[in-house]
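J.: Input structure: structure_27.cif, which contains mmCIF, C-alpha atoms.
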data_final
loop_
_atom_site.label_atom_id
_atom_site.label_comp_id
_atom_site.auth_asym_id
_atom_site.auth_seq_id
_atom_site.Cartn_x
_atom_site.Cartn_y
_atom_site.Cartn_z
CA MET A 1 -38.03 26.03 13.04
CA ALA A 2 -39.27 22.61 11.95
CA ALA A 3 -36.79 19.77 11.53
CA ASP A 4 -37.69 19.58 7.83
CA ASP A 5 -36.29 23.02 7.13
CA VAL A 6 -32.71 21.99 7.67
CA LEU A 7 -32.57 18.61 5.95
CA PRO A 8 -29.03 18.12 4.66
CA ASP A 9 -27.93 16.89 1.26
CA ASP A 10 -30.01 14.05 -0.15
CA ASP A 11 -26.98 11.78 -0.26
CA VAL A 12 -26.12 12.36 3.37
CA LEU A 13 -29.61 11.54 4.53
CA ALA A 14 -29.85 8.57 2.19
CA ALA A 15 -26.62 7.13 3.52
CA HIS A 16 -27.73 7.39 7.14
CA LEU A 17 -31.15 5.97 6.34
CA GLN A 18 -29.47 3.05 4.63
CA GLU A 19 -27.40 2.40 7.74
CA LEU A 20 -30.54 2.45 9.83
CA ARG A 21 -32.35 0.05 7.51
CA ARG A 22 -29.41 -2.32 7.20
CA GLY A 23 -30.03 -3.97 10.51
CA THR A 24 -33.79 -4.12 10.13
CA VAL A 25 -33.90 -6.23 6.97
CA VAL A 26 -33.25 -9.40 8.96
CA VAL A 27 -36.14 -8.64 11.32
CA ALA A 28 -38.38 -7.92 8.35
CA CYS A 29 -37.44 -11.21 6.68
CA LEU A 30 -37.95 -13.31 9.79
CA ALA A 31 -41.27 -11.64 10.45
CA THR A 32 -42.57 -11.93 6.88
CA LEU A 33 -41.45 -15.51 6.47
CA ARG A 34 -43.57 -16.76 9.30
CA THR A 35 -45.78 -17.38 6.31
CA PRO A 36 -43.71 -19.48 3.88
CA GLY A 37 -42.62 -17.49 0.88
CA TYR A 38 -40.10 -17.59 -1.92
CA GLY A 39 -37.36 -15.14 -2.71
CA TYR A 40 -38.95 -12.94 -5.31
CA ALA A 41 -42.29 -12.60 -3.55
CA LEU A 42 -40.46 -11.59 -0.41
CA LEU A 43 -38.54 -9.01 -2.41
CA GLU A 44 -41.77 -7.45 -3.60
CA THR A 45 -43.39 -7.57 -0.16
CA LEU A 46 -40.42 -5.86 1.43
CA ALA A 47 -40.30 -3.24 -1.31
CA GLY A 48 -43.97 -2.55 -0.77
CA ALA A 49 -43.48 -2.19 2.98
CA GLY A 50 -40.72 0.33 2.46
CA PHE A 51 -37.76 -2.02 2.99
CA GLY A 52 -36.17 -1.58 -0.40
CA VAL A 53 -33.56 -4.32 -0.66
CA ASP A 54 -31.52 -5.30 -3.70
CA ALA A 55 -32.03 -8.80 -5.02
CA ASN A 56 -28.29 -9.40 -4.89
CA THR A 57 -28.35 -8.61 -1.17
CA LEU A 58 -31.50 -10.47 -0.27
CA TYR A 59 -30.75 -13.85 -1.77
CA PRO A 60 -27.34 -14.32 -0.15
CA LEU A 61 -28.94 -13.09 3.09
CA LEU A 62 -31.68 -15.72 2.93
CA ARG A 63 -29.05 -18.36 2.39
CA ARG A 64 -27.04 -17.14 5.34
CA LEU A 65 -30.11 -17.20 7.59
CA GLU A 66 -30.83 -20.72 6.37
CA LYS A 67 -27.27 -21.76 7.19
CA GLN A 68 -27.64 -20.24 10.67
CA GLY A 69 -30.78 -22.32 11.19
CA LEU A 70 -33.14 -19.37 11.41
CA LEU A 71 -34.95 -20.29 8.21
CA LEU A 72 -36.06 -23.62 6.81
CA ALA A 73 -35.97 -24.11 3.07
CA GLN A 74 -37.88 -26.45 0.81
CA TRP A 75 -38.14 -26.77 -2.90
CA ASN A 76 -41.68 -26.60 -4.17
CA THR A 77 -42.03 -28.46 -7.46
CA ASP A 78 -45.81 -28.19 -7.73
CA GLU A 79 -45.88 -25.51 -10.36
CA THR A 80 -44.09 -25.42 -13.70
CA ARG A 81 -41.33 -23.34 -12.23
CA PRO A 82 -39.76 -24.96 -9.16
CA ARG A 83 -39.34 -22.44 -6.38
CA LYS A 84 -37.42 -22.51 -3.16
CA PHE A 85 -39.68 -21.64 -0.26
CA TYR A 86 -38.32 -20.27 3.00
CA ARG A 87 -40.00 -20.42 6.35
CA THR A 88 -39.01 -19.07 9.73
CA SER A 89 -37.88 -21.94 11.96
CA ALA A 90 -38.52 -22.25 15.69
CA GLN A 91 -35.06 -20.89 16.33
CA GLY A 92 -35.83 -18.09 13.92
CA GLU A 93 -38.97 -17.25 15.89
CA ALA A 94 -36.95 -17.05 19.08
CA VAL A 95 -34.42 -14.74 17.46
CA LEU A 96 -37.20 -12.64 16.01
CA THR A 97 -38.78 -12.18 19.44
CA ALA A 98 -35.42 -11.25 20.93
CA LEU A 99 -34.71 -8.75 18.15
CA ARG A 100 -38.10 -7.12 18.48
CA SER A 101 -37.88 -6.73 22.23
CA ASP A 102 -34.43 -5.24 21.76
CA TRP A 103 -35.93 -2.86 19.23
CA ARG A 104 -38.58 -1.72 21.69
CA ALA A 105 -35.91 -1.21 24.33
CA LEU A 106 -33.86 0.86 21.91
CA ASP A 107 -36.86 2.93 20.99
CA ALA A 108 -37.60 3.61 24.66
CA ALA A 109 -33.98 4.46 25.33
CA ILE A 110 -33.86 6.92 22.48
CA SER A 111 -37.08 8.51 23.59
CA ASP A 112 -35.50 8.99 26.99
CA LEU A 113 -32.43 10.56 25.45
CA THR A 114 -34.25 13.05 23.24
CA MET B 1 -25.84 -20.06 -28.44
CA THR B 2 -26.18 -19.85 -24.71
CA SER B 3 -28.34 -17.08 -23.44
CA LEU B 4 -27.20 -14.23 -21.25
CA THR B 5 -28.88 -15.88 -18.29
CA ASP B 6 -26.98 -19.10 -18.81
CA ARG B 7 -23.69 -17.28 -19.00
CA TYR B 8 -24.48 -15.15 -15.97
CA VAL B 9 -25.55 -18.09 -13.85
CA HIS B 10 -22.52 -20.09 -14.93
CA VAL B 11 -20.10 -17.36 -13.87
CA THR B 12 -21.85 -16.84 -10.55
CA VAL B 13 -21.97 -20.45 -9.43
CA ARG B 14 -18.62 -21.69 -10.67
CA GLY B 15 -16.90 -20.39 -7.55
CA LEU B 16 -19.28 -22.06 -5.14
CA ASP B 17 -18.83 -25.38 -3.39
CA GLU B 18 -20.32 -28.50 -4.89
CA GLY B 19 -23.09 -28.71 -2.33
CA GLN B 20 -24.33 -25.20 -2.87
CA ARG B 21 -23.86 -25.00 -6.60
CA HIS B 22 -26.92 -26.76 -7.98
CA ASP B 23 -29.24 -25.24 -5.41
CA VAL B 24 -28.08 -21.68 -6.01
CA GLU B 25 -28.20 -22.17 -9.74
CA GLN B 26 -31.83 -23.30 -9.63
CA GLU B 27 -32.85 -20.49 -7.36
CA LEU B 28 -31.00 -17.88 -9.36
CA ARG B 29 -32.57 -18.99 -12.63
CA GLY B 30 -35.99 -18.87 -11.02
CA THR B 31 -35.32 -15.40 -9.66
CA ILE B 32 -34.16 -14.06 -12.98
CA GLU B 33 -37.24 -15.41 -14.69
CA ASP B 34 -39.50 -13.93 -12.02
CA MET B 35 -37.83 -10.55 -12.38
CA VAL B 36 -38.04 -10.66 -16.18
CA ASP B 37 -41.74 -11.53 -16.00
CA ALA B 38 -42.31 -8.67 -13.57
CA ARG B 39 -40.66 -6.23 -15.93
CA LEU B 40 -42.64 -7.45 -18.89
CA ASP B 41 -45.89 -7.29 -16.93
CA ALA B 42 -45.14 -3.77 -15.79
CA GLY B 43 -44.38 -2.79 -19.38
CA ALA B 44 -40.89 -1.66 -18.46
CA ALA B 45 -39.30 -3.59 -21.33
CA ALA B 46 -40.29 -4.15 -24.92
CA SER B 47 -38.88 -7.63 -25.44
CA ARG B 48 -37.76 -10.58 -23.37
CA GLU B 49 -34.11 -9.97 -24.29
CA GLU B 50 -34.32 -6.37 -23.19
CA ALA B 51 -35.92 -7.35 -19.90
CA GLU B 52 -33.34 -10.07 -19.39
CA ARG B 53 -30.52 -7.63 -19.94
CA ALA B 54 -32.05 -5.08 -17.58
CA VAL B 55 -32.52 -7.74 -14.88
CA LEU B 56 -28.92 -8.87 -15.15
CA VAL B 57 -27.76 -5.28 -14.84
CA GLU B 58 -29.88 -4.94 -11.73
CA LEU B 59 -28.39 -8.07 -10.22
CA GLY B 60 -24.95 -6.66 -10.87
CA ASP B 61 -21.47 -8.09 -11.21
CA PRO B 62 -21.65 -11.90 -10.83
CA MET B 63 -18.40 -11.83 -8.88
CA ARG B 64 -20.02 -9.63 -6.30
CA LEU B 65 -23.09 -11.84 -6.14
CA ALA B 66 -20.96 -14.95 -5.76
CA ALA B 67 -18.99 -13.27 -2.98
CA GLY B 68 -22.30 -12.67 -1.19
CA TYR B 69 -22.94 -16.41 -1.32
CA THR B 70 -19.47 -17.57 -0.35
CA GLY B 71 -18.57 -14.83 2.10
CA ARG B 72 -15.12 -14.47 0.57
CA PRO B 73 -13.60 -10.98 0.76
CA LEU B 74 -13.67 -8.72 -2.25
CA HIS B 75 -10.37 -7.09 -1.35
CA LEU B 76 -6.77 -8.20 -1.43
CA ILE B 77 -5.73 -6.71 1.90
CA GLY B 78 -8.49 -5.63 4.24
CA PRO B 79 -8.67 -2.60 6.49
CA ALA B 80 -7.82 -4.56 9.64
CA ILE B 81 -4.44 -5.62 8.32
CA PHE B 82 -3.63 -2.78 5.93
CA PRO B 83 -1.65 -0.52 8.33
CA GLU B 84 0.71 -3.39 9.22
CA TRP B 85 1.29 -4.22 5.60
CA ARG B 86 1.96 -0.63 4.71
CA ARG B 87 4.45 -0.14 7.55
CA LEU B 88 6.30 -3.35 6.71
CA VAL B 89 6.58 -2.54 3.02
CA THR B 90 7.85 0.96 3.75
CA LEU B 91 10.42 -0.34 6.22
CA LEU B 92 11.69 -3.04 3.88
CA LEU B 93 11.92 -0.70 0.92
CA TRP B 94 13.92 1.85 2.88
CA THR B 95 16.38 -0.71 4.22
CA VAL B 96 16.74 -3.70 1.93
CA VAL B 97 16.80 -1.89 -1.39
CA PRO B 98 19.57 0.64 -0.68
CA ILE B 99 21.76 -1.99 1.01
CA VAL B 100 21.46 -4.44 -1.85
CA THR B 101 22.02 -1.71 -4.43
CA VAL B 102 25.17 -0.43 -2.73
CA ILE B 103 26.64 -3.90 -2.24
CA ASN B 104 26.03 -4.67 -5.88
CA LEU B 105 27.56 -1.37 -6.91
CA VAL B 106 30.68 -2.04 -4.87
CA LEU B 107 31.05 -5.49 -6.37
CA ARG B 108 30.55 -4.17 -9.88
CA LEU B 109 32.99 -1.33 -9.51
CA PHE B 110 35.84 -3.30 -8.02
CA ILE B 111 35.47 -6.83 -9.19
CA ASP B 112 34.10 -6.57 -12.70
CA ASP B 113 36.22 -5.39 -15.57
CA LEU B 114 35.27 -1.78 -15.87
CA ALA B 115 37.48 -0.95 -18.83
CA SER B 116 35.27 -2.96 -21.11
CA GLU B 117 31.91 -1.69 -19.94
CA GLY B 118 32.54 1.62 -18.30
CA VAL B 119 31.28 2.88 -15.01
CA GLY B 120 27.90 3.88 -16.34
CA ALA B 121 27.01 0.25 -16.89
CA ALA B 122 27.86 -0.56 -13.27
CA PHE B 123 25.55 2.15 -12.00
CA ALA B 124 22.83 1.19 -14.43
CA SER B 125 22.93 -2.46 -13.46
CA SER B 126 22.88 -1.60 -9.76
CA ALA B 127 19.89 0.63 -10.30
CA GLY B 128 18.22 -2.15 -12.26
CA LEU B 129 18.88 -4.62 -9.47
CA GLY B 130 17.56 -2.13 -6.92
CA LEU B 131 14.34 -1.82 -8.88
CA GLN B 132 13.97 -5.58 -9.17
CA VAL B 133 14.54 -6.02 -5.44
CA ALA B 134 11.96 -3.33 -4.71
CA LEU B 135 9.39 -5.10 -6.89
CA HIS B 136 10.07 -8.42 -5.23
CA VAL B 137 9.79 -6.90 -1.77
CA VAL B 138 6.42 -5.35 -2.57
CA PHE B 139 5.12 -8.46 -4.30
CA TRP B 140 6.05 -11.04 -1.68
CA THR B 141 4.93 -8.87 1.24
CA THR B 142 1.59 -8.24 -0.44
CA PHE B 143 1.21 -11.91 -1.31
CA THR B 144 1.91 -12.99 2.26
CA TYR B 145 -0.51 -10.51 3.73
CA ALA B 146 -3.18 -11.45 1.19
CA LEU B 147 -2.84 -15.04 2.42
CA VAL B 148 -3.04 -13.92 6.03
CA GLU B 149 -6.16 -11.92 5.24
CA ARG B 150 -7.81 -14.98 3.79
CA SER B 151 -6.81 -17.27 6.63
CA GLN B 152 -8.03 -14.97 9.38
CA PRO B 153 -10.27 -12.38 7.81
CA GLY B 154 -10.78 -9.13 9.60
CA LYS B 155 -8.07 -9.66 12.20
CA ALA B 156 -4.66 -8.03 12.47
CA LEU B 157 -1.49 -10.04 12.86
CA ILE B 158 0.40 -7.74 15.20
CA ALA B 159 -1.78 -5.68 17.45
CA TRP B 160 -0.87 -2.03 17.47
CA ASP B 161 0.46 -0.51 20.66
CA PRO B 162 1.80 2.95 21.43
CA ASP B 163 5.43 1.71 21.38
CA GLN B 164 5.14 1.61 17.62
CA LEU B 165 4.64 5.36 17.42
CA PRO B 166 7.47 7.14 15.65
CA GLU B 167 9.31 9.81 17.55
CA ASP B 168 8.36 13.41 16.95
CA ASP B 169 9.23 13.88 13.27
CA ARG B 170 10.83 17.24 13.39
CA ARG B 171 13.54 16.27 15.75
CA SER B 172 13.99 12.55 15.33
CA VAL B 173 16.19 10.65 12.94
CA GLY B 174 14.57 7.73 11.24
CA ILE B 175 16.04 4.73 9.52
CA GLY B 176 15.44 6.09 6.05
CA GLU B 177 17.52 9.15 6.70
CA THR B 178 20.31 7.12 8.27
CA VAL B 179 20.45 4.66 5.42
CA SER B 180 20.62 7.40 2.82
CA SER B 181 23.38 9.22 4.76
CA VAL B 182 25.43 6.05 5.06
CA VAL B 183 24.91 5.25 1.39
CA MET B 184 26.05 8.74 0.36
CA LEU B 185 29.14 8.46 2.53
CA ILE B 186 29.99 5.05 1.08
CA LEU B 187 29.65 6.52 -2.41
CA VAL B 188 32.04 9.35 -1.49
CA GLY B 189 34.53 6.82 -0.19
CA LEU B 190 34.13 4.72 -3.32
CA ALA B 191 34.60 7.78 -5.50
CA LEU B 192 37.89 8.56 -3.81
CA ILE B 193 39.17 5.05 -4.34
CA TRP B 194 37.71 4.59 -7.76
CA GLN B 195 39.09 7.77 -9.26
CA GLN B 196 42.51 6.27 -8.65
CA THR B 197 41.94 2.71 -9.81
CA ASN B 198 39.45 3.16 -12.62
CA SER B 199 39.39 6.80 -13.59
CA PRO B 200 36.99 7.78 -16.36
CA LEU B 201 39.77 9.65 -18.10
CA GLU B 202 42.20 7.68 -20.22
CA VAL B 203 45.41 8.79 -21.92
CA ASP B 204 47.15 6.32 -24.19
CA GLY B 205 45.06 3.52 -22.75
CA GLU B 206 46.07 4.20 -19.16
CA SER B 207 43.62 5.64 -16.72
CA VAL B 208 44.57 9.01 -15.30
CA PRO B 209 43.49 9.67 -11.75
CA VAL B 210 41.84 12.99 -11.03
CA LEU B 211 43.58 13.57 -7.73
CA ASP B 212 47.36 13.64 -7.38
CA PRO B 213 48.52 10.07 -6.72
CA ALA B 214 51.10 11.41 -4.28
CA LEU B 215 48.22 12.16 -1.96
CA TRP B 216 47.77 8.49 -1.32
CA SER B 217 50.68 8.55 1.06
CA GLY B 218 48.76 10.45 3.67
CA TRP B 219 45.95 12.71 2.69
CA ILE B 220 43.57 10.40 0.95
CA PRO B 221 43.72 7.83 3.73
CA PHE B 222 42.94 10.73 6.05
CA LEU B 223 39.87 11.63 3.98
CA LEU B 224 38.80 8.00 3.90
CA GLY B 225 39.18 7.93 7.65
CA VAL B 226 36.89 10.95 7.89
CA VAL B 227 34.33 9.16 5.73
CA VAL B 228 34.43 6.11 7.99
CA ALA B 229 34.16 8.30 11.08
CA GLN B 230 31.14 10.06 9.61
CA ILE B 231 29.51 6.71 8.98
CA VAL B 232 30.08 5.82 12.61
CA VAL B 233 28.55 9.15 13.65
CA ALA B 234 25.53 8.53 11.44
CA LEU B 235 24.99 5.13 13.06
CA ALA B 236 25.39 6.66 16.52
CA VAL B 237 22.81 9.28 15.66
CA PHE B 238 20.41 6.55 14.56
CA ARG B 239 21.03 4.73 17.82
CA ALA B 240 20.23 7.88 19.78
CA ARG B 241 17.34 8.64 17.43
CA ARG B 242 18.24 12.32 17.34
CA TRP B 243 21.07 14.75 16.81
CA THR B 244 22.74 15.59 20.09
CA TRP B 245 25.14 18.46 20.64
CA GLY B 246 28.03 16.06 20.98
CA LEU B 247 27.36 14.15 17.78
CA ALA B 248 26.60 17.28 15.78
CA GLY B 249 29.79 18.83 17.08
CA ILE B 250 31.89 15.79 16.16
CA ALA B 251 30.37 15.62 12.68
CA ALA B 252 30.98 19.32 12.15
CA ALA B 253 34.57 19.07 13.38
CA LEU B 254 35.29 16.11 11.09
CA ASP B 255 33.88 17.85 8.05
CA VAL B 256 35.58 21.13 8.80
CA ALA B 257 38.90 19.33 9.17
CA ALA B 258 38.41 17.43 5.94
CA SER B 259 37.26 20.53 4.07
CA ALA B 260 40.14 22.57 5.38
CA ALA B 261 42.56 19.87 4.27
CA VAL B 262 41.05 19.63 0.79
CA LEU B 263 40.92 23.38 0.31
CA TRP B 264 44.49 23.80 1.53
CA LEU B 265 45.70 21.12 -0.88
CA LEU B 266 43.69 22.77 -3.61
CA PHE B 267 45.15 26.21 -3.05
CA THR B 268 48.71 24.96 -2.80
CA GLY B 269 48.22 23.15 -6.10
CA ARG B 270 48.69 19.70 -4.64
CA LEU B 271 45.17 18.35 -5.00
CA LEU B 272 44.82 17.73 -8.70
CA ASN B 273 46.95 15.28 -10.61
CA PRO B 274 49.26 17.20 -12.99
CA ALA B 275 48.71 14.53 -15.64
CA PHE B 276 44.97 15.06 -15.31
CA VAL B 277 45.32 18.83 -15.66
CA ASP B 278 47.57 18.46 -18.70
CA ALA B 279 45.13 16.06 -20.31
CA MET B 280 42.22 18.43 -19.71
CA VAL B 281 44.18 21.38 -21.11
CA ALA B 282 45.14 19.31 -24.13
CA ASN B 283 41.47 18.56 -24.69
CA GLY B 284 40.57 22.24 -24.75
CA TRP B 285 39.66 23.09 -21.18
CA THR B 286 42.50 25.54 -20.64
CA SER B 287 41.22 27.14 -17.47
CA VAL B 288 40.63 23.80 -15.78
CA GLU B 289 42.66 24.57 -12.69
CA ARG B 290 41.00 27.87 -12.01
CA ASP B 291 37.52 26.54 -12.72
CA LEU B 292 37.87 23.51 -10.55
CA THR B 293 39.44 25.54 -7.74
CA LEU B 294 36.52 27.93 -7.77
CA GLY B 295 33.91 25.25 -8.17
CA LEU B 296 35.27 23.03 -5.44
CA THR B 297 35.68 25.89 -3.00
CA VAL B 298 32.15 27.12 -3.44
CA GLY B 299 30.76 23.61 -3.43
CA ILE B 300 32.58 22.52 -0.31
CA VAL B 301 31.89 25.66 1.67
CA LEU B 302 28.21 25.71 0.79
CA GLY B 303 27.69 21.98 1.14
CA VAL B 304 29.45 21.59 4.44
CA GLY B 305 27.98 24.82 5.74
CA ILE B 306 24.39 23.95 4.92
CA GLU B 307 24.60 20.41 6.19
CA HIS B 308 26.16 21.24 9.50
CA VAL B 309 24.04 24.26 10.22
CA GLY B 310 21.10 21.94 9.71
CA GLN B 311 22.51 19.32 12.07
CA LEU B 312 23.32 21.86 14.74
CA ARG B 313 19.85 23.29 14.53
CA ARG B 314 18.35 19.88 15.06
CA ALA B 315 20.63 19.28 18.00
CA TYR B 316 19.40 22.54 19.45
CA ALA B 317 15.76 21.58 18.84
CA SER B 318 16.15 18.18 20.44
CA SER B 319 17.92 19.54 23.46
CA ARG B 320 15.01 21.76 24.42
#
What does the file become when written as structure tokens?
T.:
Amino acid sequence: MAADDVLPDDDVLAAHLQELRRGTVVVACLATLRTPGYGYALLETLAGAGFGVDANTLYPLLRRLEKQGLLLAQWNTDETRPRKFYRTSAQGEAVLTALRSDWRALDAAISDLT
Amino acid sequence: MTSLTDRYVHVTVRGLDEGQRHDVEQELRGTIEDMVDARLDAGAAASREEAERAVLVELGDPMRLAAGYTGRPLHLIGPAIFPEWRRLVTLLLWTVVPIVTVINLVLRLFIDDLASEGVGAAFASSAGLGLQVALHVVFWTTFTYALVERSQPGKALIAWDPDQLPEDDRRSVGIGETVSSVVMLILVGLALIWQQTNSPLEVDGESVPVLDPALWSGWIPFLLGVVVAQIVVALAVFRARRWTWGLAGIAAALDVAASAAVLWLLFTGRLLNPAFVDAMVANGWTSVERDLTLGLTVGIVLGVGIEHVGQLRRAYASSR
């Protein structure tokens, strides 16, 4: 009996998947923004990588990370449309490393459990 | 005419602090334009207006978006503090409202001039006051807790501990039950007094008491004494939090004594005021004595019987 045979309701699975993803968006942002990027491009990159995030969640999140000092922000007025570029700060890098090592530890722990 | 985007951005940023406002506004406008362009490029919308509308729908309620930026809660009373609020409101409603209503009723019945307004107005105004008090209680409690929620979000004011658990429901006596018993007893006492001083029945402009006024020499004070004693018993039961054999026995004895007295007076024809009976007969109710005798007997026996069997059963349950 494969695990796929007994998948529950779509909603149930979707809800749990969303819970799982919720914590990973921050890691994804910090990792992606090691290369400076602006909000909308990041949104598309994350969507493409499978981290579907709503715009109305992502933008406040970026601001919060900026306030916490994990991202640096700068307005780029080169093009016709000024854009706010975010970049992972040194502190952000440190947090990213910590989060990723924690992730690996979790993965190992779960493998041990199952 | 301002565009949808302008209106949306205005609503979103007006709640933000000065420092953030301009920055967020610029970024939000840029985002909306990027999203509109993406939709147009992907062919998902026919016109710019349609794309703009679709993008704003995707971004959602501006209040929600603004709350994401400010971190302010989108609820009045949060889950951490809700149980406290609920318990306090329930407690206040069960205690403050009945007490205020009864006090007002007493004042209205004895101090105001009833002949001009009638007793119905007194009851109606007391009920109205009770409702107003209830609304105020709920409003001010909610308002206070909403302020607390905003000053320390996510934290409770009084930490819960097992002492707050109510006693086992089946056997215990709570404050709500006690208050309603006491209120009922007070109303019975008031009815006894009031039927003498401000009877609803009037003959030639003078009020006619229902019960024989001669009873005031001894029997009615006795009944009033029973009412007071029952109130004391009710308070003692609340103190003990349950019906004990002793208290149930005393309550039963008091009621049996009072009922026996009333029924004896009834059957020897000394309970009802002769003037009252004559007035009722004159108004067409010729069998008033027989009807009232029957009705009162059945009512008293059933009422007293049911109530005290119930109390004795609870005493039995709580003694196990």
J.: Selected by the PyMOL selection byres ((chain B) within 6 of (chain A)) in the shown coordinates: which residues, as a ChimeraX atom specification?
T.: /B:59,65,68-69
J.: For a test of reading the model, state the distance in Å between CA of Leu43 in chain A and CA of Val26 in chain A, rounded to one decimal.
T.: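 Distance between the two atoms: 12.5 Å.
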J.: B:Ala159, B:Val57, B:Met280, B:Val36: which is nearest Tyr8 in chain B, counting all atoms listed in the file?
T.: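 The answer is B:Val57, which sits nearest to Tyr8 in chain B.
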J.: Would you mind telling me which residue in B:Asp6, B:Ile250, B:Leu91, B:Asp17 lies nearest to Ala229 in chain B when using all atoms listed in the file?
T.: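 Nearest candidate to Ala229 in chain B out of B:Asp6, B:Ile250, B:Leu91, B:Asp17: B:Ile250.
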J.: Could you tell me how far CA of Leu33 in chain A lies from CA of Val13 in chain B, in Å and to one decimal?
T.: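 According to the coordinates, CA of Leu33 in chain A and CA of Val13 in chain B are separated by 25.6 Å.
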J.: For Thr101 in chain B, which residue among B:Ala124, B:Leu74, B:Leu190, B:Leu263 is the nearest when counting all atoms listed in the file?
T.: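 Once distances to Thr101 in chain B are computed over all atoms listed in the file, the minimum belongs to B:Ala124.
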J.: Carefully work through the PyMOL selection byres ((chain B and resi 172) around 12) for this structure and note down the residues it includes, as a ChimeraX atom specification.
T.: /B:165-171,173-178,237-244,311,314-315,317-319
J.: Show me, as a list of chain:residue names, the residues that have an atom within 12 Å of Leu296 in chain B when counting all atoms listed in the file, minus same-chain residues fewer than 4 positions from it.
T.: B:Ser259, B:Ala260, B:Val262, B:Leu263, B:Trp264, B:Leu265, B:Leu266, B:Phe267, B:Leu271, B:Leu272, B:Val288, B:Glu289, B:Arg290, B:Asp291, B:Leu292, B:Ile300, B:Val301, B:Leu302, B:Gly303, B:Val304
